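Here is the structure we will look at.
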Amino acid sequence: MSGPGTDDGGLAALLGDLDIVAWEADPRSMSFRFVSDPAERLTGWTAASWVADPHALAERMHPDDRPEVLTAILAASEGGWLDIEHRVVGPDGRARWFRTRGRLVRSGGEPVMRGTMIDVTDDRTEVEAREDADRRFRRLVERLPAIVYLESAEPSAADPDESGKEPGSLLYVSPQIAEILGFSPEEWVNDPTSWARQFHPDDLDRGRAKDERVDQGERPFVAEYRMFARDGRIVWIHDEAVLIHDDDGEPRFWQGIMTDVTARRLDRAHAAQVQERYRTLVEQLPAIVYTENVSDDGLQVVYINPRVGDVLGITPEEWIADPSVWQRSLHPDDVDAVVAENARTEATGDPFEIEYRMIARDGRVVWFHDVATLIRGPDGDPTYWQGVMTDITPRKLAEERIAEAEGTADRLREEDEIKNAFLRAVSHDLRGPLAAILGLANTLEREDISLPDEDARDLASRIAENARKLDRIVADLLDLDRLERGALTATLAPLDLGATVRELVAGSDVVAGRRLDLDTAPLTIPADAVMVERIVDNLLRNAVRHTPGDSRIWVRVERLEGGALLIVEDDGPGVDVDDRLAVFEAFRQGTGPSLAQGVGVGLAVVSRFARLHGGRAWVEDRSGGGASFRVFLPGSTSVSQADVDAQRARESREGR
């Protein structure tokens, strides 16, 4: 503790224990002579520093408070009391509020100023917060589109109103009263009878209800009534008020809000008519209109028009009562698509739009085009879905008929193209041998030419060769026809496939003069010998036809799990990947120049005969270049139609 009187230990201890700064200062310069020790704890500055610095008060005072404090000190130095609140800035730069009180006294014949400083920062903060809250509340209230009021629950001293009750005095009315009724807040507050005088006479009973609720101890008051504005207009008011009680439970005042609902009341009848017209329109639409509320428990249909009964046989009441009816009625094949559309809509916020099928109560399948929009509230949260389900079944059926007709037309066009290609190919393949036969026969029958026996036999041999060629073409065509009609079946019997192929190749004139490698070990399987012969012959002819004369041909028979594999390979140009299915179709050939010739029946017969055995035929690249045609014939002694169908299904899956 610094300054005079510090030798008084009892007083020093007392002042040091208090949360008050005691001080003594020169009234002329306001330099401190004494400051108690709590100064350091309360202001941040030591007591000694306050005494040592003659300008401490001016320098440590908040700049905004300095003029007012100095003026107050000057007035107190002339004999008055000093009592002022101000801020002191501590060494850390933070300011705290203090209330400084003092008065001029004489000590030893000299005038001195003595007083105290009390920290009132917490009080000031609380007051400022309360004032700020009051300002914000007042701004909020005075910006509402309604009249906010406080009305005493105690009768006033004014004359009773027309209802026989003494009205309570208005404690507060917000400025909106001027805009709504044409009166200033001051007029309304200063005249307690103004509210009652402006009542429409037909609505006085509604006004009495508030006083009756006070008598009955009821809290809320809600009413709509009419009032006359200053300019004579009739204004409909929606009045809601809460009765506030004191700590003893006694009613003190009404806190309420009066909203102008004139437009709503005047439009109510018109709105009812519009709503009825809207409902009639919605319920007569040729579509299902629905509304689904959004809640934490999911979607709940709250409205669906009667059209749902006409289309699906489900009444609106059933639809609303059972939240699962929509999902249960979905066509099973469309559930995933609907779920995906729901997920997309939830992720993007876009409208829900999809076409799907539902199953009606009578089992009919109904196509719908469903479009729904999510309606959000003012806060942006989802509120409800508004949607329309249109029955598009007739359109879908028409589309299916059109697609079917287009498919039929495409198929007919394709078949026509195949027919034309077939006729061209047959014409080409038949014309060559026929022309050769005719030419050779004409030569033989000419009387003006004498041929040696050897030349005549050569011509006859060539005629026979071309005739056999024609016979093979006709046989392939007839076999293909019988295969298409299902008139051919495989007659299976044990057959040494290796020996059979070796004999067929050795006796074939097709590969005469060709470089050929043969590898056929003995291998017995159940097979139709005639069909196997046709398979080998057609594969050899295919290899010869589509390879140059100096190409090599390999023929092998290999044992394979479950059966045998017949392989005919060549080192020719090979078969393009895109052509590997077409070459086994009737009257269809690949696009390569080496393939676009002939009737296109031989390989089709190979494939069909292989299937009749329960096997299959395919082509792949040969290692080292060229084509490798392969036919698998199963080793089972029993091949049923089911086996053939299963094999065809496997081929379809494998893309062969």
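In the structure tokens, the first chain shown is A, the next is B, and so on; residue numbers restart at 1 for each chain, and ligands run from 1 in the order shown.
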| request: Output as number ranges by chain all residues of stretch 459-600 of chain A that backbone DSSP marks as strand (DSSP E or B). | output: A: 493-496, 515-520, 524-527, 552-560, 563-570
| remark: Here atom CA of A:Ser152 and atom CA of A:Val222 stand apart by 17.2 Å
| Among stretch 503-538 of chain A, which residues carry a DSSP assignment of alpha helix (DSSP H), reported as a PyMOL selection string? | chain A and resi 503-507+529-538
Write the selection just made, keeping C-alpha atoms, as a CSV table (one decimal), in the first residue's frame?
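What ended up in result18.csv:
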```csv
chain,number,residue,atom,x,y,z
A,503,GLU,CA,-10.1,-93.8,-95.7
A,504,LEU,CA,-12.2,-90.8,-96.8
A,505,VAL,CA,-9.1,-88.5,-97.3
A,506,ALA,CA,-7.3,-91.3,-99.1
A,507,GLY,CA,-10.2,-91.8,-101.5
A,529,ALA,CA,-21.1,-92.8,-90.6
A,530,VAL,CA,-22.9,-91.0,-93.5
A,531,MET,CA,-23.0,-87.7,-91.7
A,532,VAL,CA,-19.4,-88.0,-90.7
A,533,GLU,CA,-18.5,-88.6,-94.3
A,534,ARG,CA,-20.4,-85.5,-95.4
A,535,ILE,CA,-18.7,-83.5,-92.6
A,536,VAL,CA,-15.2,-84.6,-93.7
A,537,ASP,CA,-16.0,-84.0,-97.4
A,538,ASN,CA,-17.4,-80.5,-96.9
```
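Atom CA of A:Ile320 sits 10.6 Å away from atom CA of A:Asn305.
The coordinates place atom CA of A:Ile567 at 13.9 Å from atom CA of A:Leu523.
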| message | My list of candidates is A:Arg99, A:Pro316, A:Ala490, A:Val605. Which is closest to A:Ile473 when distances are computed with only C-alpha atoms? | response |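 Going through A:Arg99, A:Pro316, A:Ala490, A:Val605 one by one, the smallest distance to A:Ile473 is for A:Val605.
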